[in-house]
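Pasted below: protein-v5.pdb, PDB, C-alpha atoms.
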```pdb
ATOM      1  CA  MET A   1       2.116  37.266  -5.240
ATOM      2  CA  ALA A   2       3.896  33.995  -5.897
ATOM      3  CA  GLN A   3       2.067  30.784  -5.125
ATOM      4  CA  THR A   4       2.041  30.127  -1.382
ATOM      5  CA  ASP A   5       3.628  26.974  -0.013
ATOM      6  CA  PHE A   6       0.965  25.470   2.239
ATOM      7  CA  ASN A   7       3.659  24.038   4.492
ATOM      8  CA  ASP A   8       4.629  27.615   5.299
ATOM      9  CA  LEU A   9       1.035  28.377   6.254
ATOM     10  CA  MET A  10       0.931  25.325   8.521
ATOM     11  CA  TRP A  11       4.223  26.352  10.140
ATOM     12  CA  PHE A  12       2.905  29.882  10.636
ATOM     13  CA  LEU A  13      -0.178  28.438  12.335
ATOM     14  CA  ALA A  14       2.003  26.287  14.603
ATOM     15  CA  VAL A  15       3.955  29.359  15.734
ATOM     16  CA  THR A  16       0.728  31.246  16.553
ATOM     17  CA  GLU A  17      -0.640  28.278  18.482
ATOM     18  CA  GLU A  18       2.550  27.794  20.525
ATOM     19  CA  GLY A  19       3.390  31.485  20.866
ATOM     20  CA  SER A  20       7.042  30.582  20.477
ATOM     21  CA  PHE A  21       9.403  29.671  17.644
ATOM     22  CA  THR A  22      11.233  27.293  19.970
ATOM     23  CA  ARG A  23       8.150  25.312  20.967
ATOM     24  CA  ALA A  24       6.732  25.380  17.430
ATOM     25  CA  ALA A  25      10.008  24.056  15.994
ATOM     26  CA  ALA A  26      10.022  21.224  18.540
ATOM     27  CA  LYS A  27       6.409  20.382  17.719
ATOM     28  CA  LEU A  28       7.112  20.350  14.000
ATOM     29  CA  GLY A  29      10.412  18.506  14.351
ATOM     30  CA  VAL A  30      12.454  21.147  12.531
ATOM     31  CA  VAL A  31      15.374  23.402  13.425
ATOM     32  CA  GLN A  32      14.301  26.758  14.847
ATOM     33  CA  SER A  33      16.419  28.716  12.365
ATOM     34  CA  THR A  34      14.739  26.891   9.465
ATOM     35  CA  LEU A  35      11.305  27.701  10.845
ATOM     36  CA  SER A  36      12.200  31.358  11.304
ATOM     37  CA  HIS A  37      13.598  31.559   7.774
ATOM     38  CA  ARG A  38      10.437  30.047   6.260
ATOM     39  CA  ILE A  39       8.161  32.473   8.123
ATOM     40  CA  LYS A  40      10.253  35.410   6.913
ATOM     41  CA  LYS A  41       9.960  34.132   3.326
ATOM     42  CA  LEU A  42       6.170  33.867   3.773
ATOM     43  CA  GLU A  43       6.035  37.465   5.012
ATOM     44  CA  THR A  44       8.178  38.603   2.082
ATOM     45  CA  ARG A  45       5.921  36.880  -0.448
ATOM     46  CA  MET A  46       2.815  38.387   1.152
ATOM     47  CA  GLY A  47       4.438  41.814   1.481
ATOM     48  CA  MET A  48       3.440  42.298   5.118
ATOM     49  CA  ARG A  49       4.514  41.362   8.627
ATOM     50  CA  LEU A  50       2.529  38.553  10.161
ATOM     51  CA  LEU A  51       4.328  38.137  13.483
ATOM     52  CA  ALA A  52       5.639  40.628  16.013
ATOM     53  CA  ARG A  53       8.726  39.129  17.660
ATOM     54  CA  THR A  54      10.267  40.003  21.020
ATOM     55  CA  THR A  55      13.030  38.299  22.933
ATOM     56  CA  ARG A  56      10.461  36.469  25.064
ATOM     57  CA  SER A  57       7.357  35.986  22.952
ATOM     58  CA  VAL A  58       5.751  36.024  19.528
ATOM     59  CA  ALA A  59       2.421  37.683  18.762
ATOM     60  CA  THR A  60       0.423  38.110  15.590
ATOM     61  CA  THR A  61       0.136  41.449  13.851
ATOM     62  CA  GLU A  62      -3.289  42.584  12.670
ATOM     63  CA  ALA A  63      -2.659  40.914   9.295
ATOM     64  CA  GLY A  64      -1.267  37.829  10.998
ATOM     65  CA  GLU A  65      -4.310  37.506  13.246
ATOM     66  CA  ARG A  66      -6.606  37.770  10.267
ATOM     67  CA  LEU A  67      -4.652  35.030   8.507
ATOM     68  CA  ARG A  68      -4.708  32.875  11.642
ATOM     69  CA  ARG A  69      -8.494  33.197  11.981
ATOM     70  CA  ALA A  70      -8.912  32.197   8.342
ATOM     71  CA  LEU A  71      -6.579  29.197   8.561
ATOM     72  CA  ALA A  72      -7.346  27.648  11.959
ATOM     73  CA  PRO A  73     -10.959  26.447  11.414
ATOM     74  CA  ARG A  74     -10.216  25.175   7.910
ATOM     75  CA  VAL A  75      -7.193  23.196   9.047
ATOM     76  CA  SER A  76      -9.278  21.769  11.891
ATOM     77  CA  GLU A  77     -11.960  20.654   9.415
ATOM     78  CA  ILE A  78      -9.343  19.041   7.198
ATOM     79  CA  GLU A  79      -7.793  17.195  10.137
ATOM     80  CA  GLU A  80     -11.221  15.947  11.260
ATOM     81  CA  GLU A  81     -12.038  14.734   7.753
ATOM     82  CA  ILE A  82      -8.687  12.952   7.465
ATOM     83  CA  ALA A  83      -9.326  11.270  10.828
ATOM     84  CA  ALA A  84     -12.748  10.148   9.601
ATOM     85  CA  LEU A  85     -11.221   8.767   6.412
ATOM     86  CA  MET A  86      -8.618   6.880   8.428
ATOM     87  CA  GLU A  87     -11.454   5.276  10.387
ATOM     88  CA  LEU A  88     -12.991   4.104   7.093
ATOM     89  CA  ARG A  89      -9.683   2.457   6.312
ATOM     90  CA  ASP A  90      -9.705   0.489   9.542
ATOM     91  CA  ARG A  91     -13.391  -0.365  10.077
ATOM     92  CA  PRO A  92     -16.370  -1.202   7.865
ATOM     93  CA  ALA A  93     -18.129   2.148   7.496
ATOM     94  CA  GLY A  94     -19.360   4.467   4.789
ATOM     95  CA  SER A  95     -21.469   4.180   1.651
ATOM     96  CA  VAL A  96     -21.380   1.528  -1.056
ATOM     97  CA  ARG A  97     -23.293   2.299  -4.286
ATOM     98  CA  ILE A  98     -24.166  -0.588  -6.627
ATOM     99  CA  THR A  99     -26.049  -0.653  -9.928
ATOM    100  CA  LEU A 100     -27.887  -3.873 -10.771
ATOM    101  CA  SER A 101     -30.933  -5.281 -12.528
ATOM    102  CA  HIS A 102     -34.318  -5.859 -10.913
ATOM    103  CA  HIS A 103     -33.939  -9.612 -11.408
ATOM    104  CA  ALA A 104     -30.508  -9.658  -9.747
ATOM    105  CA  LEU A 105     -31.803  -7.669  -6.783
ATOM    106  CA  THR A 106     -34.997  -9.595  -6.097
ATOM    107  CA  GLN A 107     -33.850 -13.114  -6.902
ATOM    108  CA  LEU A 108     -30.320 -13.084  -5.506
ATOM    109  CA  ILE A 109     -28.708  -9.959  -4.129
ATOM    110  CA  TRP A 110     -31.158  -8.678  -1.516
ATOM    111  CA  ARG A 111     -31.130 -11.853   0.572
ATOM    112  CA  LYS A 112     -27.316 -11.699   0.623
ATOM    113  CA  LEU A 113     -27.035  -8.024   1.543
ATOM    114  CA  ARG A 114     -29.849  -7.890   4.094
ATOM    115  CA  PRO A 115     -27.564  -9.285   6.860
ATOM    116  CA  VAL A 116     -24.963  -6.577   6.093
ATOM    117  CA  LEU A 117     -27.411  -3.872   7.173
ATOM    118  CA  ARG A 118     -28.181  -5.838  10.317
ATOM    119  CA  ASP A 119     -24.593  -6.632  11.302
ATOM    120  CA  TYR A 120     -22.763  -3.458  10.225
ATOM    121  CA  PRO A 121     -24.643  -0.341  11.408
ATOM    122  CA  ASP A 122     -22.017   2.022   9.962
ATOM    123  CA  ILE A 123     -22.376   0.717   6.393
ATOM    124  CA  ARG A 124     -24.874   2.441   4.106
ATOM    125  CA  LEU A 125     -26.042   0.714   0.915
ATOM    126  CA  GLU A 126     -27.457   2.311  -2.200
ATOM    127  CA  LEU A 127     -28.828  -0.224  -4.684
ATOM    128  CA  SER A 128     -29.800   1.405  -7.977
ATOM    129  CA  VAL A 129     -32.057  -0.790 -10.134
ATOM    130  CA  ASP A 130     -31.297  -0.304 -13.812
ATOM    131  CA  GLY A 131     -31.879  -2.627 -16.732
ATOM    132  CA  GLY A 132     -29.161  -1.014 -18.829
ATOM    133  CA  PHE A 133     -25.383  -1.092 -18.722
ATOM    134  CA  ARG A 134     -23.816   1.734 -16.742
ATOM    135  CA  ASN A 135     -20.311   3.146 -16.743
ATOM    136  CA  ILE A 136     -19.821   2.752 -13.016
ATOM    137  CA  VAL A 137     -16.805   5.075 -12.892
ATOM    138  CA  GLU A 138     -18.448   7.940 -14.773
ATOM    139  CA  ASP A 139     -21.777   7.482 -12.973
ATOM    140  CA  GLY A 140     -20.268   7.387  -9.494
ATOM    141  CA  PHE A 141     -20.993   3.780  -8.566
ATOM    142  CA  ASP A 142     -18.638   1.650  -6.498
ATOM    143  CA  ALA A 143     -19.639  -1.528  -8.339
ATOM    144  CA  GLY A 144     -22.072  -3.080 -10.751
ATOM    145  CA  ILE A 145     -23.725  -6.497 -10.884
ATOM    146  CA  ARG A 146     -24.341  -7.988 -14.307
ATOM    147  CA  LEU A 147     -24.063 -11.312 -16.125
ATOM    148  CA  GLY A 148     -20.484 -12.520 -16.418
ATOM    149  CA  GLU A 149     -20.468 -12.229 -20.194
ATOM    150  CA  SER A 150     -21.433  -8.535 -19.958
ATOM    151  CA  VAL A 151     -18.665  -7.389 -17.596
ATOM    152  CA  GLU A 152     -16.107  -4.967 -19.009
ATOM    153  CA  HIS A 153     -12.644  -6.503 -19.344
ATOM    154  CA  ASP A 154     -10.811  -3.725 -17.488
ATOM    155  CA  MET A 155     -12.753  -4.423 -14.279
ATOM    156  CA  ILE A 156     -12.161  -6.850 -11.439
ATOM    157  CA  ALA A 157     -15.053  -9.335 -11.530
ATOM    158  CA  GLN A 158     -16.162 -11.980  -9.042
ATOM    159  CA  ARG A 159     -19.019 -14.423  -9.388
ATOM    160  CA  VAL A 160     -21.866 -13.913  -6.919
ATOM    161  CA  GLY A 161     -24.485 -16.329  -8.269
ATOM    162  CA  PRO A 162     -24.972 -19.562 -10.230
ATOM    163  CA  ASP A 163     -25.576 -19.870 -13.954
ATOM    164  CA  TRP A 164     -29.203 -19.469 -14.986
ATOM    165  CA  ARG A 165     -31.244 -19.420 -18.147
ATOM    166  CA  LEU A 166     -34.036 -17.588 -19.894
ATOM    167  CA  VAL A 167     -37.056 -19.703 -20.782
ATOM    168  CA  ALA A 168     -40.064 -19.188 -23.028
ATOM    169  CA  VAL A 169     -43.366 -19.593 -21.162
ATOM    170  CA  ALA A 170     -47.054 -19.089 -21.861
ATOM    171  CA  ALA A 171     -50.398 -19.652 -20.167
ATOM    172  CA  PRO A 172     -52.304 -22.865 -21.022
ATOM    173  CA  GLY A 173     -55.204 -20.796 -22.367
ATOM    174  CA  TYR A 174     -52.967 -18.967 -24.824
ATOM    175  CA  LEU A 175     -51.420 -22.245 -26.034
ATOM    176  CA  ALA A 176     -54.834 -23.849 -26.447
ATOM    177  CA  ALA A 177     -55.851 -21.020 -28.742
ATOM    178  CA  ARG A 178     -52.580 -20.495 -30.649
ATOM    179  CA  GLY A 179     -50.713 -23.814 -30.462
ATOM    180  CA  ARG A 180     -47.238 -24.663 -29.149
ATOM    181  CA  PRO A 181     -44.065 -23.593 -30.982
ATOM    182  CA  GLY A 182     -41.782 -26.547 -31.685
ATOM    183  CA  HIS A 183     -38.839 -24.487 -32.952
ATOM    184  CA  PRO A 184     -37.643 -20.955 -32.135
ATOM    185  CA  GLN A 185     -38.565 -19.812 -35.645
ATOM    186  CA  ASP A 186     -42.188 -20.793 -34.919
ATOM    187  CA  LEU A 187     -42.272 -17.852 -32.494
ATOM    188  CA  LEU A 188     -42.640 -15.537 -35.516
ATOM    189  CA  ALA A 189     -46.227 -16.708 -35.818
ATOM    190  CA  HIS A 190     -47.007 -15.954 -32.168
ATOM    191  CA  ASP A 191     -47.790 -12.973 -29.975
ATOM    192  CA  CYS A 192     -44.528 -12.543 -28.056
ATOM    193  CA  ILE A 193     -43.929 -10.093 -25.225
ATOM    194  CA  ASN A 194     -40.994  -8.017 -26.413
ATOM    195  CA  ARG A 195     -38.239  -6.637 -24.194
ATOM    196  CA  ARG A 196     -37.001  -3.084 -24.724
ATOM    197  CA  LEU A 197     -33.261  -2.700 -24.089
ATOM    198  CA  VAL A 198     -32.801   0.282 -21.785
ATOM    199  CA  THR A 199     -29.308   1.275 -22.916
ATOM    200  CA  ALA A 200     -29.449   0.599 -26.640
ATOM    201  CA  GLY A 201     -33.139   1.408 -27.009
ATOM    202  CA  GLY A 202     -33.788  -1.464 -29.409
ATOM    203  CA  LEU A 203     -35.729  -4.679 -28.921
ATOM    204  CA  TYR A 204     -33.984  -7.732 -27.506
ATOM    205  CA  ALA A 205     -33.503 -10.564 -29.994
ATOM    206  CA  TRP A 206     -34.357 -13.794 -28.157
ATOM    207  CA  GLU A 207     -31.261 -15.992 -27.898
ATOM    208  CA  PHE A 208     -31.469 -19.770 -28.245
ATOM    209  CA  GLU A 209     -28.932 -22.574 -28.486
ATOM    210  CA  LYS A 210     -29.067 -26.315 -29.187
ATOM    211  CA  ASP A 211     -26.262 -28.786 -29.951
ATOM    212  CA  GLY A 212     -23.804 -25.925 -30.298
ATOM    213  CA  LYS A 213     -26.009 -24.060 -32.762
ATOM    214  CA  GLU A 214     -26.906 -20.502 -31.737
ATOM    215  CA  LEU A 215     -30.024 -18.809 -33.019
ATOM    216  CA  ARG A 216     -31.449 -15.308 -32.524
ATOM    217  CA  VAL A 217     -35.096 -14.580 -33.231
ATOM    218  CA  ARG A 218     -36.545 -11.086 -33.465
ATOM    219  CA  VAL A 219     -40.047 -11.825 -32.286
ATOM    220  CA  GLU A 220     -43.202  -9.804 -32.877
ATOM    221  CA  GLY A 221     -46.003  -8.959 -30.491
ATOM    222  CA  ARG A 222     -48.457  -6.303 -29.360
ATOM    223  CA  LEU A 223     -46.822  -5.717 -25.965
ATOM    224  CA  THR A 224     -43.329  -4.408 -25.225
ATOM    225  CA  LEU A 225     -41.958  -4.093 -21.686
ATOM    226  CA  ASN A 226     -38.650  -3.527 -19.909
ATOM    227  CA  ASP A 227     -39.558  -5.176 -16.598
ATOM    228  CA  GLU A 228     -39.450  -8.950 -16.143
ATOM    229  CA  ALA A 229     -42.010  -9.094 -13.342
ATOM    230  CA  THR A 230     -44.576  -7.411 -15.581
ATOM    231  CA  MET A 231     -43.670  -9.790 -18.408
ATOM    232  CA  VAL A 232     -44.484 -12.725 -16.141
ATOM    233  CA  ALA A 233     -47.778 -11.105 -15.132
ATOM    234  CA  ALA A 234     -48.670 -10.533 -18.780
ATOM    235  CA  ALA A 235     -47.907 -14.156 -19.647
ATOM    236  CA  LEU A 236     -50.108 -15.311 -16.759
ATOM    237  CA  ASP A 237     -52.896 -13.151 -18.199
ATOM    238  CA  GLY A 238     -52.604 -14.944 -21.535
ATOM    239  CA  VAL A 239     -51.259 -11.933 -23.447
ATOM    240  CA  GLY A 240     -48.571 -13.965 -25.171
ATOM    241  CA  ILE A 241     -45.283 -15.823 -24.841
ATOM    242  CA  ALA A 242     -42.695 -14.335 -22.455
ATOM    243  CA  TYR A 243     -38.949 -14.989 -22.397
ATOM    244  CA  VAL A 244     -37.905 -14.541 -18.765
ATOM    245  CA  PRO A 245     -35.479 -15.895 -16.130
ATOM    246  CA  GLU A 246     -36.468 -19.418 -15.144
ATOM    247  CA  ASP A 247     -36.295 -18.758 -11.404
ATOM    248  CA  MET A 248     -38.982 -16.087 -11.744
ATOM    249  CA  VAL A 249     -41.528 -18.572 -13.111
ATOM    250  CA  ALA A 250     -40.542 -21.777 -11.299
ATOM    251  CA  ALA A 251     -43.570 -21.662  -8.987
ATOM    252  CA  HIS A 252     -45.939 -20.908 -11.880
ATOM    253  CA  LEU A 253     -44.518 -23.812 -13.884
ATOM    254  CA  ALA A 254     -44.933 -26.126 -10.902
ATOM    255  CA  SER A 255     -48.541 -25.057 -10.398
ATOM    256  CA  GLY A 256     -49.419 -25.311 -14.083
ATOM    257  CA  ALA A 257     -50.267 -21.612 -14.381
ATOM    258  CA  LEU A 258     -47.559 -21.362 -17.044
ATOM    259  CA  GLU A 259     -46.086 -23.967 -19.396
ATOM    260  CA  LEU A 260     -42.459 -24.275 -20.447
ATOM    261  CA  LEU A 261     -41.719 -23.989 -24.185
ATOM    262  CA  LEU A 262     -38.634 -24.839 -26.246
ATOM    263  CA  ASP A 263     -36.944 -26.318 -23.173
ATOM    264  CA  ASP A 264     -34.096 -27.912 -25.133
ATOM    265  CA  TRP A 265     -33.332 -24.615 -26.869
ATOM    266  CA  SER A 266     -32.930 -22.522 -23.706
ATOM    267  CA  PRO A 267     -29.248 -21.607 -23.106
ATOM    268  CA  ARG A 268     -27.582 -21.006 -19.760
ATOM    269  CA  PHE A 269     -25.895 -17.699 -18.963
ATOM    270  CA  ALA A 270     -22.718 -17.199 -16.938
ATOM    271  CA  GLY A 271     -24.390 -16.069 -13.708
ATOM    272  CA  TYR A 272     -24.197 -12.695 -12.005
ATOM    273  CA  HIS A 273     -20.823 -11.140 -11.220
ATOM    274  CA  ILE A 274     -19.935  -8.081  -9.185
ATOM    275  CA  TYR A 275     -17.445  -5.897 -11.030
ATOM    276  CA  TYR A 276     -15.511  -2.843  -9.876
ATOM    277  CA  PRO A 277     -12.299  -0.869 -10.438
ATOM    278  CA  SER A 278      -9.274  -2.013  -8.466
ATOM    279  CA  ARG A 279      -9.143   1.072  -6.243
ATOM    280  CA  HIS A 280     -12.209  -0.067  -4.270
ATOM    281  CA  GLN A 281     -11.049  -3.533  -3.298
ATOM    282  CA  ASN A 282      -9.198  -2.575  -0.079
ATOM    283  CA  LEU A 283     -11.928  -0.479   1.558
ATOM    284  CA  PRO A 284     -13.301  -2.371   4.599
ATOM    285  CA  ALA A 285     -16.973  -1.591   3.900
ATOM    286  CA  PHE A 286     -16.593  -2.674   0.293
ATOM    287  CA  LYS A 287     -14.838  -5.883   1.358
ATOM    288  CA  VAL A 288     -17.765  -6.721   3.651
ATOM    289  CA  VAL A 289     -20.243  -6.261   0.785
ATOM    290  CA  VAL A 290     -18.218  -8.336  -1.686
ATOM    291  CA  ASN A 291     -17.700 -11.148   0.835
ATOM    292  CA  ALA A 292     -21.426 -11.213   1.611
ATOM    293  CA  LEU A 293     -22.291 -11.444  -2.079
ATOM    294  CA  ARG A 294     -19.821 -14.288  -2.706
ATOM    295  CA  GLN A 295     -21.360 -16.524  -0.042
TER     296      GLN A 295
END
```

Would you mind writing the file out in structure tokens?
Amino acid sequence: MAQTDFNDLMWFLAVTEEGSFTRAAAKLGVVQSTLSHRIKKLETRMGMRLLARTTRSVATTEAGERLRRALAPRVSEIEEEIAALMELRDRPAGSVRITLSHHALTQLIWRKLRPVLRDYPDIRLELSVDGGFRNIVEDGFDAGIRLGESVEHDMIAQRVGPDWRLVAVAAPGYLAARGRPGHPQDLLAHDCINRRLVTAGGLYAWEFEKDGKELRVRVEGRLTLNDEATMVAAALDGVGIAYVPEDMVAAHLASGALELLLDDWSPRFAGYHIYYPSRHQNLPAFKVVVNALRQ
């Protein structure tokens, strides 16, 4: 059998619902003779009669009734789903999936998105914490949040947070026993808390900058982690020197529980950005999320 034109199936269903070619043609906005011709072509392709015609009415044959029962509920489901999708177009509703780092979530993003859940009951958020870089299209995310310098160039990107920097910190007890580094290269003689890169699998080379001079140091240490909060805890315990976001240790620096090292070598990074493919930007729920993050 040749491939069926689904318009013919929809027209067949309209005739069975109306019980009349005349009424079905009016409903569909077509000429009655055209409708009749298309139904005959459908019957020819299928090799069976679907409708029994009289001068006053139209009824389904046994084959036609079977086809009608198969089509009607499926078409109804499709129409309901289309109606639901049209509602998503016009009101903030549906799911928004975002991949982001633990630091971005706890220090910036959660306080911005918390009101969205309160004010928009039809929006569902999925925030996936991941220290690596994800292909948001392949992995089924609507957006990602990463540092501006890490965003892929083929994505739309908007800033959602200020610049910030990584800083080297250690507990006073550790520094009393091991001394203070005066230059990034001095870190090679210290116990440093290494960071494992989730995506690449290697160890992060600590990045420093001063007077336009960039320097990377591959530090050594007995502890390797991939979670900044645990790095801070380890530094507080005197395990070694940690290189962590400054906002995560501000209170500890103020209290004296940790001390800041190599302050003039600590570079600033280009803040967090939300990035996403262009097809998402006109969805109402997604617009609400992006606008909340940009505030």

task = Place a sphere of radius 7 Å on (-21.8, -13.3, -8.3) in the file coordinates and name every protein, DNA or RNA residue with an atom inside or on its surface, counting all atoms listed in the file; give the answer as a PyMOL selection string.
result = chain A and resi 158-161+271-274+293-294

ask   = If we count all atoms listed in the file, what is near A:Leu188 at a cut-off of 10 Å, once residues fewer than 6 positions away on the same chain are taken out, given as a ChimeraX atom specification?
value = /A:181,217-221

remark   = One decimal place gives the atom CA of A:Ala251-atom CA of A:Arg195 separation as 22.0 Å

inquiry  = I'd like the neighbourhood of A:Asp8 as a ChimeraX atom specification, where a residue qualifies if any of its atoms comes within 10 Å (using only C-alpha atoms), though same-chain residues fewer than 5 positions away should be ignored.
reply    = /A:13-14,35,38-43

Show which residues sit within 12 Å of stretch 71-79 of chain A, as an mmCIF file with C-alpha atoms, keeping the file's coordinate frame. Count only C-alpha atoms, and ignore same-chain residues fewer than 5 positions away.
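Result written to result_7.cif:
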```
data_model
loop_
_atom_site.group_PDB
_atom_site.id
_atom_site.type_symbol
_atom_site.label_atom_id
_atom_site.label_comp_id
_atom_site.auth_asym_id
_atom_site.auth_seq_id
_atom_site.Cartn_x
_atom_site.Cartn_y
_atom_site.Cartn_z
ATOM 1 C CA PHE A 6 0.965 25.470 2.239
ATOM 2 C CA ASN A 7 3.659 24.038 4.492
ATOM 3 C CA ASP A 8 4.629 27.615 5.299
ATOM 4 C CA LEU A 9 1.035 28.377 6.254
ATOM 5 C CA MET A 10 0.931 25.325 8.521
ATOM 6 C CA TRP A 11 4.223 26.352 10.140
ATOM 7 C CA PHE A 12 2.905 29.882 10.636
ATOM 8 C CA LEU A 13 -0.178 28.438 12.335
ATOM 9 C CA ALA A 14 2.003 26.287 14.603
ATOM 10 C CA THR A 16 0.728 31.246 16.553
ATOM 11 C CA GLU A 17 -0.640 28.278 18.482
ATOM 12 C CA GLY A 64 -1.267 37.829 10.998
ATOM 13 C CA GLU A 65 -4.310 37.506 13.246
ATOM 14 C CA ARG A 66 -6.606 37.770 10.267
ATOM 15 C CA ALA A 84 -12.748 10.148 9.601
ATOM 16 C CA LEU A 85 -11.221 8.767 6.412
ATOM 17 C CA MET A 86 -8.618 6.880 8.428
#
```

inquiry  = Just to confirm, what's the straight-line distance from atom CA of A:Trp265 to atom CA of A:Glu228 in Å (one decimal)?
reply    = 19.9 Å

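Evaluated against this file, the PyMOL selection byres ((chain A and resi 109-112) around 9) yields His103, Ala104, Leu105, Thr106, Gln107, Leu108, Leu113, Arg114, Pro115, Val116, Val160, Gly161, Val289, Ala292, Leu293, Arg294 and Gln295 of chain A.
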
request  = Using the chain letters and numbering of this document, enumerate as number ranges by chain the residues selected by the PyMOL selection byres ((chain A and resi 193) around 7).
outcome  = A: 191-192, 194-195, 221, 223-224, 231, 240-242

request  = To one decimal in Å, tell me the separation between atom CA of A:His102 and atom CA of A:Gln185.
outcome  = 28.7 Å

remark   = Using all atoms listed in the file, the residue out of A:Leu175, A:Ala235, A:Arg124, A:Met155 with shortest distance to A:Ile136 is A:Met155

inquiry  = Just want the 8 Å neighbourhood of A:Thr61, counted on only C-alpha atoms, with same-chain residues fewer than 2 positions away dropped. Output as a list in words.
reply    =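 The contact residues come out as Arg49, Leu50, Leu51, Ala52, Ala59, Ala63, Gly64 and Glu65 of chain A.
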
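Nearest to A:Met248 of all the residues A:Met48, A:Val169, A:Val129, A:Val288 is A:Val169, counting only C-alpha atoms.
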
inquiry  = Measuring between all atoms listed in the file, which one of A:Leu117, A:Ile123, A:Ala189, A:Ile98 shows the shortest distance to A:Ile145?
reply    =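 Between A:Leu117, A:Ile123, A:Ala189, A:Ile98, the residue approaching A:Ile145 most closely is A:Ile98.
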